[in-house]
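**Student:** Below is the file coords-v7.cif, which contains mmCIF, C-alpha atoms and all ligand atoms.
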```
data_input
#
loop_
_atom_site.label_atom_id
_atom_site.label_comp_id
_atom_site.auth_asym_id
_atom_site.auth_seq_id
_atom_site.Cartn_x
_atom_site.Cartn_y
_atom_site.Cartn_z
CA MET A 79 -35.87 12.98 7.65
CA THR A 80 -32.35 12.19 8.83
CA ARG A 81 -29.14 13.26 7.13
CA ASP A 82 -28.61 9.64 6.08
CA ASP A 83 -32.01 9.56 4.37
CA ARG A 84 -31.53 12.88 2.69
CA TYR A 85 -27.96 12.32 1.50
CA PRO A 86 -27.53 8.55 1.19
CA GLY A 87 -24.93 8.79 -1.58
CA LEU A 88 -21.92 10.87 -2.56
CA ASP A 89 -23.88 12.10 -5.59
CA ASP A 90 -26.42 13.73 -3.26
CA LEU A 91 -23.59 15.60 -1.57
CA ALA A 92 -22.02 16.60 -4.88
CA ALA A 93 -25.32 18.02 -6.13
CA ARG A 94 -25.81 20.14 -3.00
CA ALA A 95 -22.13 21.18 -2.93
CA ARG A 96 -22.44 22.43 -6.48
CA ARG A 97 -25.30 24.72 -5.51
CA ARG A 98 -23.35 26.17 -2.56
CA ILE A 99 -19.83 26.65 -3.98
CA PRO A 100 -19.12 29.67 -6.23
CA HIS A 101 -19.10 28.50 -9.82
CA PHE A 102 -15.41 29.27 -10.44
CA ALA A 103 -14.40 27.27 -7.35
CA TRP A 104 -16.66 24.38 -8.36
CA GLU A 105 -14.97 24.30 -11.75
CA TYR A 106 -11.58 24.17 -9.99
CA LEU A 107 -12.72 21.24 -7.83
CA ASP A 108 -14.64 19.27 -10.39
CA SER A 109 -12.61 19.63 -13.56
CA GLY A 110 -10.10 17.26 -15.07
CA THR A 111 -7.46 18.15 -17.59
CA GLY A 112 -7.99 18.76 -21.31
CA ALA A 113 -11.16 17.26 -22.73
CA GLU A 114 -11.67 15.25 -19.52
CA ARG A 115 -11.43 11.81 -21.09
CA ALA A 116 -9.23 10.54 -18.23
CA LEU A 117 -11.78 11.79 -15.70
CA ARG A 118 -14.41 9.49 -17.19
CA ARG A 119 -11.86 6.72 -17.74
CA ASN A 120 -11.01 6.60 -14.01
CA VAL A 121 -14.62 6.15 -12.98
CA GLU A 122 -15.62 3.77 -15.77
CA ALA A 123 -12.61 1.50 -15.27
CA LEU A 124 -13.58 1.09 -11.63
CA GLN A 125 -17.18 0.31 -12.54
CA ARG A 126 -16.05 -2.42 -14.93
CA ILE A 127 -14.50 -4.41 -12.09
CA LEU A 128 -17.04 -7.03 -11.07
CA MET A 129 -16.96 -9.11 -7.93
CA TRP A 130 -18.77 -12.24 -6.80
CA PRO A 131 -21.34 -12.00 -4.05
CA ALA A 132 -21.13 -14.89 -1.58
CA ILE A 133 -23.86 -17.23 -0.39
CA ASN A 134 -24.00 -19.28 2.78
CA ALA A 135 -20.95 -17.49 4.16
CA GLY A 136 -22.32 -17.34 7.68
CA ARG A 137 -22.40 -14.27 9.87
CA ILE A 138 -19.64 -11.82 9.06
CA ALA A 139 -18.53 -8.66 10.87
CA PRO A 140 -15.80 -7.32 8.56
CA ASP A 141 -12.69 -5.83 10.11
CA LEU A 142 -11.87 -2.75 8.04
CA SER A 143 -8.71 -1.83 9.91
CA VAL A 144 -5.34 -1.75 8.24
CA THR A 145 -1.89 -1.42 9.79
CA LEU A 146 0.62 0.71 7.92
CA TRP A 147 4.10 1.38 9.19
CA GLY A 148 3.25 0.40 12.71
CA ARG A 149 0.03 2.39 13.01
CA ARG A 150 -3.41 0.86 12.95
CA TYR A 151 -5.92 2.85 10.90
CA ALA A 152 -9.55 2.08 11.58
CA MET A 153 -10.46 2.05 7.91
CA PRO A 154 -8.58 1.53 4.64
CA PHE A 155 -9.34 5.03 3.32
CA GLY A 156 -8.40 8.60 4.07
CA VAL A 157 -8.54 12.19 2.84
CA ALA A 158 -6.38 12.99 -0.22
CA PRO A 159 -4.40 16.24 -0.34
CA VAL A 160 -6.45 19.01 -1.92
CA GLY A 161 -4.85 22.38 -2.58
CA LEU A 162 -6.90 25.53 -1.96
CA GLY A 163 -9.46 23.58 0.06
CA GLY A 164 -10.34 26.73 2.00
CA LEU A 165 -11.15 28.57 -1.19
CA ILE A 166 -13.48 25.84 -2.39
CA TRP A 167 -15.14 25.75 1.02
CA PRO A 168 -13.82 28.03 3.79
CA GLY A 169 -12.84 25.88 6.77
CA ALA A 170 -12.63 22.66 4.71
CA GLU A 171 -9.17 21.69 5.99
CA LYS A 172 -10.22 22.19 9.60
CA ALA A 173 -13.33 20.03 9.25
CA LEU A 174 -11.50 17.26 7.38
CA ALA A 175 -8.47 17.09 9.69
CA ARG A 176 -10.80 16.84 12.68
CA ALA A 177 -13.05 14.23 11.10
CA ALA A 178 -10.07 12.09 10.12
CA ALA A 179 -8.66 12.23 13.65
CA ARG A 180 -12.07 11.27 15.08
CA ALA A 181 -12.30 8.33 12.69
CA ASN A 182 -8.63 7.30 13.09
CA ILE A 183 -7.94 7.52 9.37
CA PRO A 184 -5.25 9.46 7.45
CA TYR A 185 -5.66 13.12 6.60
CA VAL A 186 -3.18 14.31 3.99
CA LEU A 187 -2.41 18.03 4.18
CA SER A 188 -1.48 19.64 0.85
CA THR A 189 1.53 21.99 0.63
CA VAL A 190 -0.91 24.50 -0.84
CA ALA A 191 -3.77 23.92 1.59
CA CYS A 192 -5.28 26.89 3.38
CA MET A 193 -3.96 25.67 6.73
CA GLY A 194 -0.37 25.19 7.80
CA PRO A 195 1.22 22.14 9.39
CA GLU A 196 1.13 23.81 12.83
CA ALA A 197 -2.61 24.50 13.14
CA ALA A 198 -3.71 21.49 11.09
CA GLY A 199 -1.27 19.27 12.96
CA ARG A 200 -3.05 20.01 16.24
CA LEU A 201 -6.37 18.97 14.70
CA ALA A 202 -5.05 15.90 12.87
CA ASP A 203 -3.69 14.75 16.22
CA GLY A 204 -1.07 12.35 14.89
CA TRP A 205 -3.24 10.91 12.09
CA GLY A 206 -1.94 13.34 9.50
CA TRP A 207 0.35 12.78 6.53
CA PHE A 208 2.14 15.75 4.95
CA GLN A 209 2.12 16.22 1.18
CA LEU A 210 5.14 17.97 -0.30
CA TYR A 211 5.50 19.87 -3.54
CA PRO A 212 9.30 19.79 -3.74
CA PRO A 213 11.00 23.08 -2.82
CA ARG A 214 14.21 23.81 -4.73
CA ASP A 215 15.92 25.67 -1.91
CA PRO A 216 17.46 23.10 0.45
CA GLU A 217 16.92 25.43 3.42
CA ILE A 218 13.21 25.77 2.70
CA ARG A 219 12.98 22.03 2.21
CA GLU A 220 14.69 21.31 5.52
CA ASP A 221 12.54 23.84 7.30
CA LEU A 222 9.31 22.42 5.85
CA LEU A 223 10.27 18.90 6.82
CA ALA A 224 11.22 20.08 10.32
CA ARG A 225 7.84 21.80 10.69
CA ALA A 226 6.04 18.68 9.51
CA ARG A 227 8.01 16.49 11.90
CA ALA A 228 7.58 18.85 14.86
CA ASN A 229 3.84 19.01 14.37
CA GLY A 230 3.08 15.31 14.31
CA TRP A 231 2.91 14.59 10.55
CA SER A 232 4.08 11.00 10.48
CA VAL A 233 4.18 10.19 6.76
CA LEU A 234 5.69 12.31 3.97
CA VAL A 235 3.92 12.18 0.59
CA VAL A 236 5.87 13.72 -2.26
CA THR A 237 3.82 14.46 -5.37
CA VAL A 238 5.67 13.96 -8.64
CA ASP A 239 3.00 14.06 -11.35
CA VAL A 240 2.72 17.82 -11.92
CA PRO A 241 5.70 18.55 -14.20
CA VAL A 242 3.87 21.45 -15.82
CA GLY A 243 0.73 23.47 -15.17
CA SER A 244 -2.27 21.49 -16.32
CA ARG A 245 -4.41 22.65 -19.23
CA ARG A 246 -7.76 22.57 -17.50
CA GLU A 247 -10.08 24.02 -20.07
CA ARG A 248 -12.99 24.53 -17.69
CA GLN A 249 -10.78 26.53 -15.34
CA ARG A 250 -9.65 28.72 -18.21
CA ARG A 251 -13.27 29.40 -19.16
CA VAL A 252 -14.09 30.72 -15.69
CA GLY A 253 -10.96 32.87 -15.62
CA LEU A 254 -9.01 30.88 -13.02
CA ARG A 255 -5.24 31.27 -13.31
CA LEU A 256 -2.55 31.51 -10.66
CA ARG A 257 -3.86 34.82 -9.43
CA PRO A 258 -6.60 35.85 -6.98
CA PRO A 259 -10.18 35.34 -8.19
CA THR A 260 -11.17 38.93 -7.52
CA GLY A 261 -12.54 40.08 -10.85
CA PRO A 262 -16.16 41.35 -11.02
CA ARG A 263 -17.46 38.00 -12.33
CA HIS A 264 -15.79 36.13 -9.48
CA LEU A 265 -17.22 38.55 -6.92
CA LEU A 266 -20.67 38.13 -8.43
CA ASP A 267 -20.19 34.38 -8.27
CA MET A 268 -19.40 34.63 -4.55
CA LEU A 269 -22.35 36.90 -3.83
CA ARG A 270 -24.67 34.28 -5.27
CA ARG A 271 -23.51 31.77 -2.64
CA PRO A 272 -24.61 33.05 0.82
CA ALA A 273 -23.66 29.86 2.71
CA TRP A 274 -20.16 30.05 1.26
CA LEU A 275 -19.93 33.75 2.21
CA ALA A 276 -21.04 32.92 5.75
CA ALA A 277 -18.33 30.24 5.96
CA LEU A 278 -15.81 32.78 4.64
CA ALA A 279 -16.85 35.27 7.32
CA ARG A 280 -16.38 32.57 9.97
CA HIS A 281 -13.00 31.27 8.80
CA GLY A 282 -11.44 34.32 7.19
CA ARG A 283 -9.78 34.79 3.85
CA PRO A 284 -7.98 31.66 2.60
CA ARG A 285 -4.20 31.90 3.02
CA PHE A 286 -1.30 29.63 2.19
CA TRP A 287 0.01 29.23 5.71
CA THR A 288 2.53 26.51 4.86
CA LEU A 289 4.44 28.65 2.38
CA GLU A 290 3.81 32.15 3.72
CA PRO A 291 6.91 32.19 5.95
CA TYR A 292 9.04 31.81 2.81
CA ILE A 293 6.99 34.20 0.69
CA GLY A 294 6.93 36.89 3.34
CA GLY A 295 3.17 37.32 3.68
CA PRO A 296 -0.27 36.55 2.35
CA ASP A 297 0.11 38.26 -1.04
CA LEU A 298 -1.41 35.95 -3.66
CA LYS A 299 0.64 37.32 -6.54
CA ALA A 300 3.83 36.66 -4.59
CA PHE A 301 2.51 33.14 -3.97
CA GLY A 302 2.25 32.54 -7.72
CA THR A 303 5.78 33.82 -8.29
CA PHE A 304 7.09 31.66 -5.43
CA MET A 305 5.45 28.52 -6.80
CA ALA A 306 6.92 29.14 -10.25
CA ARG A 307 10.43 29.93 -9.00
CA GLU A 308 10.94 27.99 -5.83
CA VAL A 309 8.96 24.79 -6.22
CA ASP A 310 10.53 22.12 -8.39
CA MET A 311 7.62 20.40 -10.06
CA THR A 312 10.04 18.20 -12.02
CA PRO A 313 12.18 16.70 -9.30
CA SER A 314 14.81 14.17 -10.30
CA TRP A 315 15.37 10.68 -8.96
CA ASP A 316 18.29 12.19 -7.04
CA TYR A 317 15.82 14.51 -5.33
CA ILE A 318 13.81 11.51 -4.15
CA ALA A 319 17.03 9.91 -2.86
CA GLU A 320 17.83 13.12 -0.96
CA LEU A 321 14.36 13.18 0.55
CA ARG A 322 14.84 9.56 1.58
CA ASP A 323 17.93 10.63 3.53
CA LEU A 324 16.27 13.68 5.08
CA TRP A 325 12.96 12.13 6.14
CA HIS A 326 13.29 9.33 8.64
CA GLY A 327 9.63 8.30 8.69
CA PRO A 328 7.61 6.55 5.96
CA LEU A 329 7.98 8.18 2.53
CA VAL A 330 5.31 7.87 -0.18
CA VAL A 331 5.80 8.92 -3.81
CA LYS A 332 2.42 9.98 -5.21
CA GLY A 333 1.63 9.89 -8.90
CA VAL A 334 3.11 6.56 -10.00
CA LEU A 335 1.43 4.65 -12.86
CA ARG A 336 4.20 2.44 -14.33
CA PRO A 337 5.62 -0.63 -12.62
CA GLU A 338 9.14 0.37 -13.70
CA ASP A 339 8.80 3.67 -11.84
CA ALA A 340 7.41 1.90 -8.80
CA GLU A 341 10.41 -0.46 -8.84
CA ARG A 342 12.77 2.48 -9.00
CA CYS A 343 11.06 4.11 -6.02
CA VAL A 344 11.41 0.91 -4.03
CA ALA A 345 15.09 0.65 -4.97
CA LEU A 346 15.57 4.13 -3.48
CA GLY A 347 14.01 3.03 -0.20
CA VAL A 348 10.57 4.58 -0.70
CA ASP A 349 8.01 2.95 1.64
CA GLY A 350 4.77 3.68 -0.19
CA ILE A 351 3.79 3.91 -3.85
CA GLY A 352 1.01 6.41 -4.51
CA VAL A 353 -0.76 4.92 -7.50
CA SER A 354 -2.62 7.93 -8.83
CA ASN A 355 -3.21 10.03 -11.94
CA HIS A 356 -3.96 13.05 -9.75
CA GLY A 357 -7.70 12.60 -10.12
CA ALA A 358 -7.29 12.96 -13.91
CA ARG A 359 -6.22 16.57 -13.46
CA GLN A 360 -2.86 16.43 -15.23
CA PHE A 361 -2.59 14.31 -18.39
CA ASP A 362 -5.61 13.33 -20.43
CA ALA A 363 -3.99 10.31 -22.09
CA ALA A 364 -3.06 8.77 -18.75
CA PRO A 365 -4.52 5.32 -18.19
CA ALA A 366 -7.15 4.90 -15.51
CA ALA A 367 -5.24 4.68 -12.24
CA ILE A 368 -7.07 1.47 -11.24
CA ASP A 369 -5.88 -0.25 -14.43
CA CYS A 370 -2.27 0.39 -13.34
CA LEU A 371 -2.68 -1.05 -9.87
CA PRO A 372 -2.32 -4.83 -10.41
CA ALA A 373 0.96 -4.59 -12.33
CA ILE A 374 2.42 -2.25 -9.72
CA ARG A 375 1.38 -4.59 -6.92
CA ALA A 376 2.97 -7.49 -8.78
CA ALA A 377 6.16 -5.47 -9.37
CA VAL A 378 6.69 -4.26 -5.81
CA GLY A 379 5.31 -7.35 -4.07
CA GLN A 380 5.67 -6.91 -0.33
CA ARG A 381 8.50 -4.40 -0.51
CA ALA A 382 6.22 -1.34 -0.35
CA ARG A 383 2.70 -0.43 0.61
CA ILE A 384 0.35 0.91 -2.05
CA ILE A 385 -1.71 4.05 -1.52
CA PHE A 386 -4.34 4.30 -4.24
CA ASP A 387 -6.44 7.25 -5.41
CA SER A 388 -8.20 8.66 -8.49
CA GLY A 389 -11.85 8.12 -9.31
CA LEU A 390 -13.06 6.39 -6.14
CA ARG A 391 -16.75 7.18 -5.73
CA GLY A 392 -17.82 5.01 -2.81
CA GLY A 393 -17.04 2.14 -0.47
CA LEU A 394 -17.59 -0.41 -3.21
CA ASP A 395 -14.85 1.26 -5.27
CA ILE A 396 -12.58 1.07 -2.24
CA ALA A 397 -13.28 -2.68 -2.08
CA ARG A 398 -12.34 -2.95 -5.75
CA ALA A 399 -9.03 -1.15 -5.19
CA LEU A 400 -8.24 -3.30 -2.16
CA ALA A 401 -8.99 -6.41 -4.18
CA LEU A 402 -6.48 -5.31 -6.82
CA GLY A 403 -3.72 -4.74 -4.30
CA ALA A 404 -4.14 -1.33 -2.62
CA ASP A 405 -3.36 -1.12 1.11
CA MET A 406 -4.91 2.31 1.63
CA CYS A 407 -7.21 4.43 -0.54
CA LEU A 408 -7.51 8.22 -0.66
CA LEU A 409 -10.43 10.31 -1.92
CA GLY A 410 -10.14 13.95 -2.95
CA ARG A 411 -13.32 15.41 -4.40
CA ALA A 412 -15.71 13.23 -2.37
CA PHE A 413 -14.58 14.66 0.97
CA ILE A 414 -14.86 18.24 -0.27
CA TRP A 415 -18.40 17.53 -1.51
CA GLY A 416 -19.27 16.52 2.05
CA VAL A 417 -18.03 19.67 3.77
CA ALA A 418 -19.35 21.97 1.07
CA ALA A 419 -22.78 20.33 1.18
CA LEU A 420 -23.23 20.09 4.95
CA GLY A 421 -20.47 22.11 6.60
CA ALA A 422 -18.18 20.41 9.13
CA PRO A 423 -20.60 17.52 9.87
CA GLY A 424 -20.38 16.69 6.18
CA ALA A 425 -16.84 15.40 6.69
CA ASP A 426 -18.05 12.82 9.23
CA HIS A 427 -20.97 12.02 6.96
CA VAL A 428 -18.63 11.08 4.11
CA VAL A 429 -16.58 8.87 6.45
CA ARG A 430 -19.78 7.10 7.52
CA LEU A 431 -21.11 6.70 3.97
CA LEU A 432 -17.84 5.16 2.84
CA SER A 433 -17.49 2.86 5.80
CA ASP A 434 -21.13 1.71 5.63
CA ASP A 435 -20.85 1.09 1.91
CA LEU A 436 -17.56 -0.79 2.28
CA THR A 437 -18.86 -2.89 5.18
CA ASN A 438 -22.00 -3.72 3.24
CA ALA A 439 -20.01 -4.69 0.14
CA MET A 440 -17.71 -6.91 2.19
CA ILE A 441 -20.62 -8.74 3.81
CA GLN A 442 -22.15 -9.23 0.35
CA MET A 443 -18.89 -10.86 -0.68
CA GLY A 444 -18.41 -12.86 2.50
CA ALA A 445 -15.14 -11.01 3.15
CA ALA A 446 -14.02 -10.76 6.77
CA GLY A 447 -11.16 -8.41 5.89
CA PRO A 448 -9.34 -6.84 2.92
CA ALA A 449 -7.25 -10.01 2.45
CA ASP A 450 -10.39 -11.90 1.39
CA LEU A 451 -11.20 -9.49 -1.43
CA PRO A 452 -8.86 -10.61 -4.27
CA GLY A 453 -10.62 -13.98 -4.27
CA ARG A 454 -13.95 -12.29 -5.03
CA LEU A 455 -12.85 -10.79 -8.37
CA VAL A 456 -14.93 -12.15 -11.26
CA ALA A 457 -12.00 -11.75 -13.65
CA PRO A 458 -8.54 -11.89 -12.15
CA PRO A 459 -6.45 -8.88 -13.17
CA PRO A 460 -4.12 -9.41 -16.15
CA VAL A 461 -1.21 -9.46 -13.70
CA ALA A 462 -2.26 -11.40 -10.61
CA GLY A 463 -2.60 -9.01 -7.68
CA GLN A 464 -0.87 -10.01 -4.48
CA ARG A 465 -1.54 -8.55 -1.08
CA PRO A 466 1.13 -8.34 1.56
CA PRO A 467 0.12 -9.85 4.90
CA GLY A 468 -1.55 -7.35 7.28
C1 LIG B 1 -6.02 17.69 -5.92
N1 LIG B 1 -4.95 16.81 -5.82
C2 LIG B 1 -3.78 17.22 -5.21
N2 LIG B 1 -2.76 16.34 -5.02
C3 LIG B 1 -1.62 16.72 -4.40
O1 LIG B 1 -0.73 15.90 -4.23
N3 LIG B 1 -1.49 18.01 -3.94
C4 LIG B 1 -2.45 18.95 -4.10
O2 LIG B 1 -2.32 20.08 -3.67
C5 LIG B 1 -3.64 18.55 -4.79
N4 LIG B 1 -4.64 19.47 -5.03
C6 LIG B 1 -5.86 19.03 -5.54
C7 LIG B 1 -6.91 19.94 -5.65
C8 LIG B 1 -8.14 19.49 -6.11
C9 LIG B 1 -9.28 20.46 -6.19
C10 LIG B 1 -8.33 18.13 -6.44
C11 LIG B 1 -9.67 17.61 -6.89
C12 LIG B 1 -7.28 17.25 -6.36
C13 LIG B 1 -5.11 15.40 -6.22
C14 LIG B 1 -5.69 14.57 -5.07
O3 LIG B 1 -4.77 14.46 -4.03
C15 LIG B 1 -6.08 13.16 -5.53
O4 LIG B 1 -5.02 12.59 -6.25
C16 LIG B 1 -7.33 13.17 -6.41
O5 LIG B 1 -8.26 14.12 -5.96
C17 LIG B 1 -7.98 11.80 -6.38
O6 LIG B 1 -9.05 11.74 -7.24
P1 LIG B 1 -10.59 11.91 -6.79
O7 LIG B 1 -10.77 11.16 -5.49
O8 LIG B 1 -10.82 13.37 -6.63
O9 LIG B 1 -11.29 11.31 -7.95
#
```
Would you mind giving the structure from this file in structure tokens?
Ligand code: FNR

**Tutor:**
Amino acid sequence: MTRDDRYPGLDDLAARARRRIPHFAWEYLDSGTGAERALRRNVEALQRILMWPAINAGRIAPDLSVTLWGRRYAMPFGVAPVGLGGLIWPGAEKALARAAARANIPYVLSTVACMGPEAAGRLADGWGWFQLYPPRDPEIREDLLARARANGWSVLVVTVDVPVGSRRERQRRVGLRLRPPTGPRHLLDMLRRPAWLAALARHGRPRFWTLEPYIGGPDLKAFGTFMAREVDMTPSWDYIAELRDLWHGPLVVKGVLRPEDAERCVALGVDGIGVSNHGARQFDAAPAAIDCLPAIRAAVGQRARIIFDSGLRGGLDIARALALGADMCLLGRAFIWGVAALGAPGADHVVRLLSDDLTNAMIQMGAAGPADLPGRLVAPPPVAGQRPPG
């Protein structure tokens, strides 16, 4: 039986990942905020979007590629930034950065990933985007941006939707706070997961390499204090304007749901709008991210590109987001399921599943490229989606 036969869907990978990841780390990966209504809302809103299959469309070989800011990506999806990836599955960042570079798709490195911009930059090989949680100290900010630039991270993604620590009830129940998971129950949890322990032995203890130079070492308590004191989770519009001046490459603001906010980003010279509710991990009353996409596309028109994430569970969902105006899609949990289920080859497996599924969906719809997708929507969005030309 081949890997494709055994794990033909993302759900198969999620089920196996769950059995291999320590329970506390699974809860960190899988949970949403509060009572997790937004988590369901994201997925259900995507499923409600129906599209017309085509008949007699002739032979079609869809072109999945998309050009963003002068670079041609082979597919319209990439890996979303996931903090603590190496705790969820040791070596996750390495596997994902490599797989993205092989596939010529974006890999977004989180500020709080378990790899720094230097080592991950070598693996991402120019395909990487750098996600920033905004440092307060201008010197730290400058230094971080300089490291990102020097190590080939071409796009800066600043995340603005975490103004306060999220109330993730499932994480509370398993005793996860901003401190090391080293209590007896966490250790027992780890001992029950031999494949995870083997990966830990291979890749070493997870560390926050990006921030360690400013913290002074790998101490996890000091990391918590640094995050609380030195990272400005509530940056102002002025902060975004400053970043615009400091970063000369494409700048994406991630966590935008309202057209007014998207407009304001564009007015400041932001190049990409990250339409996202953070995978439903922050605010449980937030609308499904996909429901916010058409109005934002209509508001920004062709003045900015749209990077969409939150709730995508396959290539068909990517087609839906493209139809509603996204230029590029990111997936968070799905990629981690892949590496946790199958190790490093799992990252390539997820890329293949998504691209096969997307290709298949496009042929079903008679779509030769993303630009053909809006015309396949059964119900046009309340605000007509417009796509900028390739
Ligand atoms: C995230 N996300 C995230 N976003 C970000 O900008 N910086 C970060 O460090 C993290 N960390 C993080 C950890 C975990 C475990 C998850 C699941 C998510 C949010 C992420 O980039 C993306 O917005 C969502 O994951 C998209 O939703 P799906 O694809 O997981 O449904």

**Student:** Using all atoms listed in the file, which of the listed residues (A:Glu290, A:Asp323, A:Glu105, A:Asp362) sits closest to ligand LIG 1 (chain B)?

**Tutor:**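 Among the listed residues, A:Glu105 lies closest to ligand LIG 1 (chain B).
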
**Student:** Kindly work out which residues sit at most 9 Å from ligand LIG 1 (chain B), using only C-alpha atoms and all ligand atoms, and give the list as an MDAnalysis selection string.

**Tutor:** chainID A and resid 103:110 117 120:121 157:163 166 186:191 209:211 235:240 332:333 352:359 386:391 408:414

**Student:** Do you have the atom CA of Glu171 of chain A-atom CA of Gly416 of chain A distance handy?

**Tutor:**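 Spanning atom CA of Glu171 of chain A to atom CA of Gly416 of chain A is a straight-line distance of 12.0 Å.
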
**Student:** Could you tell me, as a list of chain:residue names, which residues have any atom at most 10 Å from (1.6, 14.7, 13.6), counting only C-alpha atoms?

**Tutor:**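 Within 10 Å of (1.6, 14.7, 13.6), the protein and nucleic acid residues are A:Pro195, A:Glu196, A:Ala198, A:Gly199, A:Arg200, A:Leu201, A:Ala202, A:Asp203, A:Gly204, A:Trp205, A:Gly206, A:Trp207, A:Phe208, A:Arg225, A:Ala226, A:Arg227, A:Ala228, A:Asn229, A:Gly230, A:Trp231, A:Ser232, A:Val233.
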
**Student:** Could you please determine the separation between atom CA of Ala367 of chain A and atom CA of Ala457 of chain A in Å, to one decimal place?

**Tutor:**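 If I compute the distance from atom CA of Ala367 of chain A to atom CA of Ala457 of chain A, I get 17.8 Å.
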
**Student:** Smallest atom-to-atom distance to Gln442 of chain A: which of A:Ala397, A:Ala123, A:Ala425, A:Val309, using only C-alpha atoms?

**Tutor:** A:Ala397

**Student:** Can you pull out the residues contacting Val330 of chain A? Cut-off 6 Å, using all atoms listed in the file, and skip same-chain residues under 2 positions away; I want them as an MDAnalysis selection string.

**Tutor:** chainID A and resid 235 349:351

**Student:** Which of these, A:Ile138, A:Arg246, A:Leu165, A:Ala224, has the shortest distance to Arg283 of chain A once you count only C-alpha atoms?

**Tutor:**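 Of all the options, A:Leu165 lies closest to Arg283 of chain A.
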
**Student:** Could you complete segment 139-144 of chain A so that it carries all heavy atoms, and give it back as a short mmCIF file (atom, residue, chain, number, x, y, z; two decimals), in the frame of the given file?

**Tutor:**
```
data_model
loop_
_atom_site.label_atom_id
_atom_site.label_comp_id
_atom_site.auth_asym_id
_atom_site.auth_seq_id
_atom_site.Cartn_x
_atom_site.Cartn_y
_atom_site.Cartn_z
N ALA A 139 -18.70 -10.05 10.42
CA ALA A 139 -18.53 -8.66 10.87
C ALA A 139 -17.16 -8.21 10.36
O ALA A 139 -16.15 -8.45 11.02
CB ALA A 139 -18.60 -8.58 12.39
N PRO A 140 -17.10 -7.60 9.18
CA PRO A 140 -15.80 -7.32 8.56
C PRO A 140 -14.94 -6.39 9.43
O PRO A 140 -15.45 -5.46 10.04
CB PRO A 140 -16.17 -6.62 7.26
CG PRO A 140 -17.60 -6.90 7.02
CD PRO A 140 -18.23 -7.14 8.35
N ASP A 141 -13.67 -6.69 9.45
CA ASP A 141 -12.69 -5.83 10.11
C ASP A 141 -12.06 -4.95 9.02
O ASP A 141 -11.37 -5.45 8.14
CB ASP A 141 -11.63 -6.71 10.79
CG ASP A 141 -10.52 -5.87 11.41
OD1 ASP A 141 -10.68 -4.63 11.50
OD2 ASP A 141 -9.49 -6.46 11.81
N LEU A 142 -12.35 -3.66 9.09
CA LEU A 142 -11.87 -2.75 8.04
C LEU A 142 -10.48 -2.23 8.33
O LEU A 142 -9.88 -1.53 7.51
CB LEU A 142 -12.82 -1.55 7.90
CG LEU A 142 -14.29 -1.81 7.61
CD1 LEU A 142 -15.01 -0.49 7.33
CD2 LEU A 142 -14.45 -2.74 6.41
N SER A 143 -9.95 -2.50 9.50
CA SER A 143 -8.71 -1.83 9.91
C SER A 143 -7.52 -2.30 9.08
O SER A 143 -7.52 -3.41 8.53
CB SER A 143 -8.45 -2.07 11.39
OG SER A 143 -8.07 -3.41 11.59
N VAL A 144 -6.55 -1.42 8.99
CA VAL A 144 -5.34 -1.75 8.24
C VAL A 144 -4.15 -1.16 9.00
O VAL A 144 -4.24 -0.04 9.52
CB VAL A 144 -5.42 -1.24 6.78
CG1 VAL A 144 -5.84 0.20 6.72
CG2 VAL A 144 -4.11 -1.40 6.06
#
```
